[in-house]
Amino acid sequence: MNPKPLNPEPVNAYKKTYVQVAVALPIGGTFTYTIPGDQAKKAAVGKRVLIPFSGRKVTGYILRVISPEIRKGLRDLLTIIDRDPLFPPDMVPFFEWLSAYYHYPIGLVIKTALPTGLNVRISHGDRPPPRGWLDKVGLRRRVFVTVKKGSSLDRSLFDSKRAPRNEPEFLEIIFKKKQVSLGEVNQMFKNGSYLVDKWVKRGLLKKTLKPVVRDVAGETFFVSPSPPPLNSKQKEAVEKIAEKLKGNSFFTYLLHGVTGSGKTEVYYHAVRAALGCGRQSIVMVPEIALTVLITSLFKARLGERVAILHSALSLGERYDQWIRIAKGEADVVIGARSALFAPLSRLGLIIIDEEHDPSYKQEEKFRYQARDSATVRAKLSNAVVILGSGTPSIQSHHNAVSGRYGLLTMPERIHKRKPPDIRVIDMTRLEGSAYTDSIVSPPLKEAMADNLAQGKQTIMFLNRRGFNALYLCRFCGEALKCPNCEVGLTFHKDSNNLLCHYCGFRIKPPDKCPVCNRDKLKPYGFGTEKVVDTLQELFPQARVERMDRDTTRHKGEVQKVLKRFLEHETDILVGTQMVTKGHDFPNVTLVGVISADLSLNNPDFRAGEITFQLLSQVAGRTGRGSSPGKVIIQTFNPSHYAIRAARDHHYQRFFSREIGLRKQLNYPPFSSIANVRLVGNSKTGTEKMAQQMGVKIRSIAKKQSKGKKIIEVLGPVESPIAKLKGKYRQQILIKSRSSKTLSQVLTELDRISTSMLSSSGVRMIMDVDPYQMM
């Protein structure tokens, strides 16, 4: 596919070098351009180019350099932007696979992978951008004071009568250190800038502007630089992984280790084994907050060969880290899902910690699953994958027991520590008692009081933010809803606002119901904010802190909260699922789960799996030190198989029940699924288009399945959240026993949808392997 030339010119019949380019626009396919003679030697895979495209000048990425040959009708690219490639050639097949599997334009795949700011789009006639790495973000630069070559410190230089008293000390420091930043000089000497300028003029010193890498570590925790000795199960896992690394071939391991079994030390030794083979590693964690501890560990033991990549870094910080990695200055990259795209040229190992976590699925624009995509990148690089979890996803465990993955197990906590004792409180038995509306049941209240008396810490888990869940009119029964979304508004006491957690709409609580105009509005339900208020009333002497999205919006806040808790400046930490993942607090001996039923009520075939994982993971935060742990789970559904299995620490029983249900209903891992969502401004128009699209999908599915019953089409139906951010939503779920056939259906649907959706006011979103069904 080639763009129509803006100004066709005669093409001389001589051989030219060509490049295959992906365009950073929502357009499928790639395009071919000729390279002007003066730039041919600069062309390389992974560099950005500026190209003429449909009346504009836009950014493209070189995917291939094509040997000289004779072609006609092609346009010259305008300029090659970069001196150095942004990604190595072996990442091109990976980008192509991502584009094909998730049905997303390859140029936008690459744009997502690269640090924000490395994409240029300028109108026709504008000047091209400056060239080189520094064109958009730029390295941070600092002024350094250095000793001029050939200079020596001669005391006769000092004018004892007129010179400042601190001048000898100043020069001695500069000559001793050889290089000091001007900022550091000014911190040490009030007249630092004067002294520097004076001796620069005299030819003894010089000022130099040098690039520096921004510090991205933020808060760090102390970690012993010497790794502890491994137990037998850890050694066995490391030995098997190291053997596969030496073989220089693709393999995937599921590391099923209970919480507290020492998986992180296995990760570290696996990375060391990869380094011993001359290979590089990616270590991925589901939450940005989890990068703090694991980065502290790896940096304490491996030094500055560790880089960090995640979306919470500033534009400049992420840019700096990307440059370090691309230049080969880092052997280990740690981060959340975006670390998957680290431009490592000698990739040998990818570790996905807490592989079961839904956070590995991107839910906007380019909807990729980082865990699944990591196995493909590893296969293309002949690398080893470690999927680590105390509660493996049904899909990964099924792959392990069926022989597709290798299975490594660590069934015991380190130092033979016992798993926490878990007690389930049936909240239905409190109905009609004095504790009917209590957030904290009597057994949990008593356990918390005992824990505080012993100087121990407690984690309280509730997966709902805010103070009250609903504002309801007691006269007409209407709940206050967001005008942009079909969801109720949540009351936040701190800001005295009713807030929509989806679009950010907020209002002050009204005095009267907007429907019936009666003053009968009353808040119902509770979130983490109200839990904190309740605990402060019950235990006024306790230091209570909250960790959820509302309290950790600012950069570095998560690390500060965790550090205060680790250093026992906090007695009780209340939080959403942010507190359930991967944290190691030796002094925590009690975990309280306020409501285990919230995730069970989601319209999602994974509801049971998510509930089991959340309960098991938060239970794993307790009893990790020398004292035994205790967990109290409050629920209105104590007989549910997910809650009972979590109570008994019985993953295998849960897996057996869940896998049977999945097989019966033909859900993953026994099928591949895609959610086709139609989003529009008009409710009627969106419904009409969804019906038409449903007919087309069934027609395509029938043709592609060739008479076999391998595809099932469900819908169209209104999405569980029927209106979101002012847009009406319909969805169609496609289930297929063949992932190849599903991809063929989606490819054909993508082809015909452009003309169907044209001028309809409706757009289509294809979500392959969806996790968020709302």
# chains A, B, ... in the order shown; residues from 1 in each chain; ligands from 1
>>> select_by_dssp(residues="region 144-343 of chain A", states="helix (DSSP H, G or I)", output="ChimeraX atom specification")
/A:155-157,167-177,182-188,192-201,232-246,263-276,288-305,315-326,337-341
>>> residues_around(residues="region 170-183 of chain A", least_positions_apart="4", cutoff="6 Å", atoms="only C-alpha atoms", output="short mmCIF file (atom, residue, chain, number, x, y, z; two decimals) with C-alpha atoms, in the first residue's frame")
data_model
loop_
_atom_site.label_atom_id
_atom_site.label_comp_id
_atom_site.auth_asym_id
_atom_site.auth_seq_id
_atom_site.Cartn_x
_atom_site.Cartn_y
_atom_site.Cartn_z
CA VAL A 143 26.87 22.53 34.53
CA PHE A 144 30.00 20.82 35.90
CA VAL A 145 33.17 22.50 37.12
CA THR A 146 36.34 20.65 36.08
CA VAL A 147 40.08 21.25 36.30
#
>>> closest_residue(among="A:Cys500, A:Cys476, A:Ile414, A:Ala342", to="Gly328 (chain A)", atoms="only C-alpha atoms")
A:Ala342
>>> residues_around(residues="Ser381 (chain A)", least_positions_apart="2", cutoff="12 Å", atoms="only C-alpha atoms", output="number ranges by chain")
A: 88-94, 245, 248-251, 279-281, 344-350, 374-379, 383-385
>>> write_last_selection(atoms="N, CA, C and O atoms", output="tab-separated table (two decimals), in the first residue's frame")
chain	number	residue	atom	x	y	z
A	88	PRO	N	15.80	-2.39	18.40
A	88	PRO	CA	16.62	-3.28	17.57
A	88	PRO	C	15.78	-3.98	16.50
A	88	PRO	O	14.56	-4.12	16.65
A	89	PRO	N	16.42	-4.49	15.44
A	89	PRO	CA	15.68	-5.15	14.35
A	89	PRO	C	14.86	-6.35	14.79
A	89	PRO	O	13.80	-6.62	14.22
A	90	ASP	N	15.32	-7.07	15.84
A	90	ASP	CA	14.58	-8.28	16.22
A	90	ASP	C	13.26	-7.97	16.92
A	90	ASP	O	12.48	-8.88	17.22
A	91	MET	N	12.95	-6.68	17.18
A	91	MET	CA	11.65	-6.33	17.73
A	91	MET	C	10.60	-6.13	16.65
A	91	MET	O	9.40	-6.09	16.96
A	92	VAL	N	11.02	-6.02	15.38
A	92	VAL	CA	10.06	-5.79	14.29
A	92	VAL	C	9.07	-6.94	14.16
A	92	VAL	O	7.85	-6.71	14.08
A	93	PRO	N	9.51	-8.22	14.14
A	93	PRO	CA	8.53	-9.32	14.08
A	93	PRO	C	7.58	-9.31	15.26
A	93	PRO	O	6.41	-9.69	15.12
A	94	PHE	N	8.05	-8.86	16.42
A	94	PHE	CA	7.19	-8.78	17.60
A	94	PHE	C	6.11	-7.72	17.40
A	94	PHE	O	4.92	-7.97	17.67
A	245	LEU	N	18.33	-21.66	30.21
A	245	LEU	CA	19.03	-20.47	29.71
A	245	LEU	C	20.29	-20.85	28.94
A	245	LEU	O	20.62	-20.25	27.92
A	248	ASN	N	19.80	-21.76	25.28
A	248	ASN	CA	19.55	-20.68	24.31
A	248	ASN	C	18.33	-20.97	23.43
A	248	ASN	O	18.35	-20.76	22.22
A	249	SER	N	17.27	-21.48	24.06
A	249	SER	CA	16.05	-21.77	23.32
A	249	SER	C	14.84	-21.33	24.14
A	249	SER	O	14.92	-21.19	25.35
A	250	PHE	N	13.71	-21.15	23.46
A	250	PHE	CA	12.49	-20.67	24.12
A	250	PHE	C	11.89	-21.74	25.02
A	250	PHE	O	11.80	-22.91	24.65
A	251	PHE	N	11.49	-21.30	26.22
A	251	PHE	CA	10.77	-22.18	27.12
A	251	PHE	C	10.02	-21.32	28.13
A	251	PHE	O	10.48	-20.24	28.51
A	279	ARG	N	23.17	-12.67	28.46
A	279	ARG	CA	21.82	-12.28	28.04
A	279	ARG	C	21.24	-11.24	28.99
A	279	ARG	O	21.64	-11.12	30.14
A	280	GLN	N	20.25	-10.51	28.50
A	280	GLN	CA	19.59	-9.46	29.27
A	280	GLN	C	18.21	-9.93	29.74
A	280	GLN	O	17.66	-10.90	29.21
A	281	SER	N	17.66	-9.20	30.73
A	281	SER	CA	16.41	-9.65	31.36
A	281	SER	C	15.41	-8.51	31.51
A	281	SER	O	15.78	-7.34	31.69
A	344	LEU	N	15.88	-4.16	24.30
A	344	LEU	CA	17.04	-5.00	24.61
A	344	LEU	C	17.39	-5.85	23.39
A	344	LEU	O	16.52	-6.51	22.82
A	345	SER	N	18.63	-5.85	23.01
A	345	SER	CA	19.05	-6.59	21.81
A	345	SER	C	19.55	-8.00	22.12
A	345	SER	O	19.71	-8.81	21.21
A	346	ARG	N	19.79	-8.31	23.42
A	346	ARG	CA	20.27	-9.64	23.80
A	346	ARG	C	19.34	-10.27	24.83
A	346	ARG	O	19.77	-10.86	25.82
A	347	LEU	N	18.05	-10.14	24.57
A	347	LEU	CA	17.05	-10.60	25.55
A	347	LEU	C	17.13	-12.12	25.74
A	347	LEU	O	17.06	-12.87	24.77
A	348	GLY	N	17.25	-12.53	27.00
A	348	GLY	CA	17.32	-13.95	27.29
A	348	GLY	C	16.32	-14.43	28.32
A	348	GLY	O	16.07	-15.63	28.44
A	349	LEU	N	15.71	-13.49	29.07
A	349	LEU	CA	14.82	-13.89	30.17
A	349	LEU	C	13.75	-12.83	30.38
A	349	LEU	O	14.04	-11.63	30.42
A	350	ILE	N	12.50	-13.26	30.49
A	350	ILE	CA	11.39	-12.38	30.87
A	350	ILE	C	10.70	-12.99	32.08
A	350	ILE	O	10.28	-14.15	32.05
A	374	ALA	N	4.36	-11.35	26.25
A	374	ALA	CA	5.74	-11.61	26.68
A	374	ALA	C	6.21	-12.99	26.21
A	374	ALA	O	7.37	-13.16	25.84
A	375	THR	N	5.31	-13.96	26.23
A	375	THR	CA	5.71	-15.30	25.78
A	375	THR	C	6.03	-15.29	24.29
A	375	THR	O	6.91	-16.02	23.83
A	376	VAL	N	5.33	-14.45	23.52
A	376	VAL	CA	5.61	-14.36	22.08
A	376	VAL	C	6.94	-13.66	21.85
A	376	VAL	O	7.76	-14.12	21.04
A	377	ARG	N	7.20	-12.57	22.57
A	377	ARG	CA	8.49	-11.90	22.40
A	377	ARG	C	9.64	-12.84	22.78
A	377	ARG	O	10.68	-12.86	22.12
A	378	ALA	N	9.44	-13.61	23.84
A	378	ALA	CA	10.48	-14.55	24.26
A	378	ALA	C	10.71	-15.62	23.19
A	378	ALA	O	11.85	-15.99	22.91
A	379	LYS	N	9.63	-16.10	22.60
A	379	LYS	CA	9.77	-17.12	21.55
A	379	LYS	C	10.56	-16.57	20.37
A	379	LYS	O	11.41	-17.27	19.80
A	383	ALA	N	14.20	-16.88	24.19
A	383	ALA	CA	14.38	-16.54	25.60
A	383	ALA	C	13.52	-17.44	26.48
A	383	ALA	O	12.61	-18.13	26.01
A	384	VAL	N	13.80	-17.39	27.77
A	384	VAL	CA	13.05	-18.15	28.77
A	384	VAL	C	12.07	-17.22	29.46
A	384	VAL	O	12.38	-16.05	29.73
A	385	VAL	N	10.87	-17.73	29.75
A	385	VAL	CA	9.85	-16.97	30.46
A	385	VAL	C	9.57	-17.63	31.81
A	385	VAL	O	9.47	-18.85	31.89
>>> closest_atom_pairs(of="region 318-405 of chain A", to="region 647-670 of chain A", cutoff="8 Å", atoms="only C-alpha atoms", output="CSV")
residue,atom,partner,partner_atom,distance
A:Thr391,CA,A:Tyr651,CA,7.0
A:Ile394,CA,A:Phe655,CA,6.8
A:Gln395,CA,A:Pro669,CA,5.3
A:His398,CA,A:Pro669,CA,7.4
>>> residues_around(residues="region 520-523 of chain A", least_positions_apart="3", cutoff="9 Å", atoms="only C-alpha atoms", output="PyMOL selection string")
chain A and resi 468-476+479+491+510-513+517+526
>>> write_last_selection(atoms="N, CA, C and O atoms", output="CSV table (one decimal), in the first residue's frame")
chain,number,residue,atom,x,y,z
A,468,ASN,N,-19.3,6.9,51.0
A,468,ASN,CA,-20.5,6.1,50.8
A,468,ASN,C,-20.6,5.7,49.4
A,468,ASN,O,-20.3,6.4,48.4
A,469,ALA,N,-21.2,4.5,49.1
A,469,ALA,CA,-21.2,3.9,47.8
A,469,ALA,C,-22.4,4.6,47.0
A,469,ALA,O,-22.3,4.7,45.8
A,470,LEU,N,-23.5,4.9,47.6
A,470,LEU,CA,-24.6,5.5,46.9
A,470,LEU,C,-25.3,6.6,47.7
A,470,LEU,O,-25.2,6.7,48.9
A,471,TYR,N,-25.9,7.5,46.9
A,471,TYR,CA,-26.8,8.6,47.5
A,471,TYR,C,-28.1,8.3,47.0
A,471,TYR,O,-28.4,8.4,45.8
A,472,LEU,N,-29.0,7.8,47.9
A,472,LEU,CA,-30.3,7.3,47.5
A,472,LEU,C,-31.5,8.1,48.1
A,472,LEU,O,-31.4,8.6,49.2
A,473,CYS,N,-32.5,8.4,47.3
A,473,CYS,CA,-33.7,9.0,47.8
A,473,CYS,C,-34.6,8.0,48.4
A,473,CYS,O,-35.1,7.1,47.8
A,474,ARG,N,-34.9,8.2,49.7
A,474,ARG,CA,-35.8,7.3,50.4
A,474,ARG,C,-37.3,7.4,50.1
A,474,ARG,O,-38.1,6.6,50.4
A,475,PHE,N,-37.6,8.5,49.3
A,475,PHE,CA,-39.0,8.6,48.9
A,475,PHE,C,-39.3,8.0,47.5
A,475,PHE,O,-40.2,7.2,47.4
A,476,CYS,N,-38.5,8.3,46.5
A,476,CYS,CA,-38.7,7.8,45.2
A,476,CYS,C,-37.8,6.6,44.8
A,476,CYS,O,-38.0,5.9,43.8
A,479,ALA,N,-31.3,6.7,42.8
A,479,ALA,CA,-30.0,7.0,43.2
A,479,ALA,C,-29.4,8.1,42.3
A,479,ALA,O,-29.7,8.2,41.2
A,491,PHE,N,-19.9,9.2,47.3
A,491,PHE,CA,-19.6,10.3,48.1
A,491,PHE,C,-18.2,10.2,48.7
A,491,PHE,O,-17.8,9.2,49.3
A,510,PRO,N,-26.6,17.5,46.8
A,510,PRO,CA,-27.7,18.4,46.8
A,510,PRO,C,-28.6,18.2,48.1
A,510,PRO,O,-28.5,17.2,48.7
A,511,ASP,N,-29.4,19.2,48.4
A,511,ASP,CA,-30.3,19.1,49.5
A,511,ASP,C,-31.5,18.3,49.2
A,511,ASP,O,-32.1,17.7,50.1
A,512,LYS,N,-31.9,18.4,47.9
A,512,LYS,CA,-33.2,17.7,47.6
A,512,LYS,C,-32.9,16.8,46.4
A,512,LYS,O,-32.0,17.0,45.6
A,513,CYS,N,-33.8,15.7,46.3
A,513,CYS,CA,-33.7,14.8,45.2
A,513,CYS,C,-34.0,15.5,43.9
A,513,CYS,O,-35.1,16.2,43.8
A,517,ASN,N,-37.8,16.1,44.1
A,517,ASN,CA,-37.7,17.3,44.8
A,517,ASN,C,-38.0,17.2,46.3
A,517,ASN,O,-38.3,18.2,47.0
A,526,PHE,N,-20.5,1.8,51.9
A,526,PHE,CA,-19.3,2.4,52.5
A,526,PHE,C,-18.1,2.0,51.6
A,526,PHE,O,-18.2,1.1,50.8
>>> atom_distance(atom1="CA of Phe612 (chain A)", atom2="CA of Ile422 (chain A)")
13.2 Å
>>> residues_around(residues="Asp426 (chain A)", least_positions_apart="4", cutoff="12 Å", atoms="only C-alpha atoms", output="PyMOL selection string")
chain A and resi 430-431+436+441-444+594-597+632-640+643-644
>>> write_last_selection(atoms="N, CA and C atoms", output="PDB file, in the first residue's frame")
ATOM      1  N   LEU A 430     -25.450 -11.740  61.544  1.00  0.00           N
ATOM      2  CA  LEU A 430     -25.517 -10.509  62.330  1.00  0.00           C
ATOM      3  C   LEU A 430     -26.796  -9.729  62.064  1.00  0.00           C
ATOM      4  N   GLU A 431     -27.564 -10.185  61.029  1.00  0.00           N
ATOM      5  CA  GLU A 431     -28.816  -9.501  60.704  1.00  0.00           C
ATOM      6  C   GLU A 431     -29.762  -9.531  61.908  1.00  0.00           C
ATOM      7  N   THR A 436     -25.987  -5.194  62.956  1.00  0.00           N
ATOM      8  CA  THR A 436     -26.518  -5.343  61.597  1.00  0.00           C
ATOM      9  C   THR A 436     -25.807  -4.440  60.591  1.00  0.00           C
ATOM     10  N   SER A 441     -17.125  -6.486  62.160  1.00  0.00           N
ATOM     11  CA  SER A 441     -17.831  -7.471  62.980  1.00  0.00           C
ATOM     12  C   SER A 441     -17.150  -7.601  64.342  1.00  0.00           C
ATOM     13  N   PRO A 442     -17.864  -8.087  65.362  1.00  0.00           N
ATOM     14  CA  PRO A 442     -17.248  -8.246  66.697  1.00  0.00           C
ATOM     15  C   PRO A 442     -15.968  -9.084  66.689  1.00  0.00           C
ATOM     16  N   PRO A 443     -15.910 -10.224  65.981  1.00  0.00           N
ATOM     17  CA  PRO A 443     -14.646 -10.985  65.991  1.00  0.00           C
ATOM     18  C   PRO A 443     -13.473 -10.202  65.389  1.00  0.00           C
ATOM     19  N   LEU A 444     -13.738  -9.432  64.331  1.00  0.00           N
ATOM     20  CA  LEU A 444     -12.667  -8.661  63.716  1.00  0.00           C
ATOM     21  C   LEU A 444     -12.239  -7.520  64.632  1.00  0.00           C
ATOM     22  N   ILE A 594     -13.059  -6.691  54.625  1.00  0.00           N
ATOM     23  CA  ILE A 594     -14.328  -6.093  55.031  1.00  0.00           C
ATOM     24  C   ILE A 594     -15.510  -6.723  54.295  1.00  0.00           C
ATOM     25  N   SER A 595     -15.377  -6.908  52.987  1.00  0.00           N
ATOM     26  CA  SER A 595     -16.471  -7.491  52.198  1.00  0.00           C
ATOM     27  C   SER A 595     -15.884  -8.324  51.064  1.00  0.00           C
ATOM     28  N   ALA A 596     -15.950  -9.635  51.218  1.00  0.00           N
ATOM     29  CA  ALA A 596     -15.378 -10.531  50.209  1.00  0.00           C
ATOM     30  C   ALA A 596     -16.293 -10.712  49.006  1.00  0.00           C
ATOM     31  N   ASP A 597     -17.499 -10.125  49.050  1.00  0.00           N
ATOM     32  CA  ASP A 597     -18.505 -10.411  48.022  1.00  0.00           C
ATOM     33  C   ASP A 597     -18.460  -9.452  46.834  1.00  0.00           C
ATOM     34  N   ILE A 632      -9.224 -12.570  58.871  1.00  0.00           N
ATOM     35  CA  ILE A 632     -10.665 -12.646  59.117  1.00  0.00           C
ATOM     36  C   ILE A 632     -11.375 -12.095  57.892  1.00  0.00           C
ATOM     37  N   ILE A 633     -12.200 -12.948  57.272  1.00  0.00           N
ATOM     38  CA  ILE A 633     -12.927 -12.592  56.048  1.00  0.00           C
ATOM     39  C   ILE A 633     -14.409 -12.438  56.369  1.00  0.00           C
ATOM     40  N   GLN A 634     -14.964 -11.252  56.111  1.00  0.00           N
ATOM     41  CA  GLN A 634     -16.396 -11.010  56.295  1.00  0.00           C
ATOM     42  C   GLN A 634     -17.102 -11.207  54.948  1.00  0.00           C
ATOM     43  N   THR A 635     -18.186 -11.986  54.955  1.00  0.00           N
ATOM     44  CA  THR A 635     -18.890 -12.272  53.702  1.00  0.00           C
ATOM     45  C   THR A 635     -20.352 -12.606  53.964  1.00  0.00           C
ATOM     46  N   PHE A 636     -21.183 -12.337  52.966  1.00  0.00           N
ATOM     47  CA  PHE A 636     -22.580 -12.759  53.003  1.00  0.00           C
ATOM     48  C   PHE A 636     -22.772 -14.055  52.212  1.00  0.00           C
ATOM     49  N   ASN A 637     -21.693 -14.628  51.709  1.00  0.00           N
ATOM     50  CA  ASN A 637     -21.767 -15.835  50.884  1.00  0.00           C
ATOM     51  C   ASN A 637     -20.657 -16.810  51.291  1.00  0.00           C
ATOM     52  N   PRO A 638     -20.669 -17.272  52.540  1.00  0.00           N
ATOM     53  CA  PRO A 638     -19.561 -18.082  53.052  1.00  0.00           C
ATOM     54  C   PRO A 638     -19.434 -19.453  52.395  1.00  0.00           C
ATOM     55  N   SER A 639     -20.476 -19.915  51.723  1.00  0.00           N
ATOM     56  CA  SER A 639     -20.421 -21.257  51.128  1.00  0.00           C
ATOM     57  C   SER A 639     -19.892 -21.252  49.700  1.00  0.00           C
ATOM     58  N   HIS A 640     -19.593 -20.074  49.138  1.00  0.00           N
ATOM     59  CA  HIS A 640     -19.097 -20.025  47.758  1.00  0.00           C
ATOM     60  C   HIS A 640     -17.767 -20.759  47.660  1.00  0.00           C
ATOM     61  N   ILE A 643     -14.483 -18.735  48.102  1.00  0.00           N
ATOM     62  CA  ILE A 643     -14.195 -18.296  49.467  1.00  0.00           C
ATOM     63  C   ILE A 643     -13.753 -19.477  50.324  1.00  0.00           C
ATOM     64  N   ARG A 644     -14.405 -20.615  50.159  1.00  0.00           N
ATOM     65  CA  ARG A 644     -14.031 -21.807  50.943  1.00  0.00           C
ATOM     66  C   ARG A 644     -12.629 -22.290  50.579  1.00  0.00           C
TER      67      ARG A 644
END
>>> decode(residues="region 659-666 of chain A", atoms="all heavy atoms", output="tab-separated table (two decimals), in the first residue's frame")
chain	number	residue	atom	x	y	z
A	659	ILE	N	-12.10	-24.99	36.46
A	659	ILE	CA	-11.80	-25.47	35.11
A	659	ILE	C	-12.97	-26.29	34.55
A	659	ILE	O	-13.24	-26.27	33.35
A	659	ILE	CB	-10.48	-26.28	35.08
A	659	ILE	CG1	-9.91	-26.36	33.65
A	659	ILE	CG2	-10.68	-27.68	35.64
A	659	ILE	CD1	-9.31	-25.09	33.17
A	660	GLY	N	-13.69	-26.97	35.45
A	660	GLY	CA	-14.87	-27.71	35.02
A	660	GLY	C	-15.96	-26.78	34.51
A	660	GLY	O	-16.61	-27.06	33.48
A	661	LEU	N	-16.17	-25.68	35.20
A	661	LEU	CA	-17.17	-24.69	34.77
A	661	LEU	C	-16.78	-24.05	33.45
A	661	LEU	O	-17.62	-23.84	32.56
A	661	LEU	CB	-17.34	-23.62	35.85
A	661	LEU	CG	-17.99	-24.05	37.16
A	661	LEU	CD1	-17.91	-22.94	38.19
A	661	LEU	CD2	-19.45	-24.45	36.93
A	662	ARG	N	-15.48	-23.74	33.29
A	662	ARG	CA	-15.01	-23.12	32.05
A	662	ARG	C	-15.24	-24.05	30.86
A	662	ARG	O	-15.65	-23.61	29.76
A	662	ARG	CB	-13.52	-22.77	32.15
A	662	ARG	CG	-13.15	-21.82	33.26
A	662	ARG	CD	-13.44	-20.37	32.89
A	662	ARG	NE	-13.03	-19.48	33.97
A	662	ARG	CZ	-11.84	-18.92	34.08
A	662	ARG	NH1	-10.93	-19.13	33.15
A	662	ARG	NH2	-11.57	-18.12	35.09
A	663	LYS	N	-14.95	-25.32	31.05
A	663	LYS	CA	-15.11	-26.29	29.96
A	663	LYS	C	-16.58	-26.44	29.59
A	663	LYS	O	-16.94	-26.50	28.40
A	663	LYS	CB	-14.52	-27.64	30.37
A	663	LYS	CG	-14.47	-28.65	29.24
A	663	LYS	CD	-13.71	-29.90	29.65
A	663	LYS	CE	-13.58	-30.86	28.46
A	663	LYS	NZ	-12.80	-32.07	28.82
A	664	GLN	N	-17.42	-26.48	30.60
A	664	GLN	CA	-18.85	-26.64	30.37
A	664	GLN	C	-19.43	-25.46	29.59
A	664	GLN	O	-20.29	-25.63	28.72
A	664	GLN	CB	-19.56	-26.77	31.72
A	664	GLN	CG	-21.07	-26.98	31.62
A	664	GLN	CD	-21.71	-27.09	33.00
A	664	GLN	OE1	-21.02	-27.21	34.01
A	664	GLN	NE2	-23.02	-27.02	33.05
A	665	LEU	N	-18.95	-24.25	29.86
A	665	LEU	CA	-19.47	-23.03	29.24
A	665	LEU	C	-18.64	-22.55	28.06
A	665	LEU	O	-18.93	-21.52	27.47
A	665	LEU	CB	-19.56	-21.92	30.29
A	665	LEU	CG	-20.51	-22.19	31.47
A	665	LEU	CD1	-20.35	-21.12	32.53
A	665	LEU	CD2	-21.95	-22.28	30.99
A	666	ASN	N	-17.59	-23.31	27.72
A	666	ASN	CA	-16.72	-22.98	26.59
A	666	ASN	C	-16.10	-21.60	26.73
A	666	ASN	O	-16.11	-20.79	25.80
A	666	ASN	CB	-17.50	-23.08	25.27
A	666	ASN	CG	-16.57	-23.02	24.06
A	666	ASN	OD1	-15.42	-23.46	24.12
A	666	ASN	ND2	-17.06	-22.46	22.96
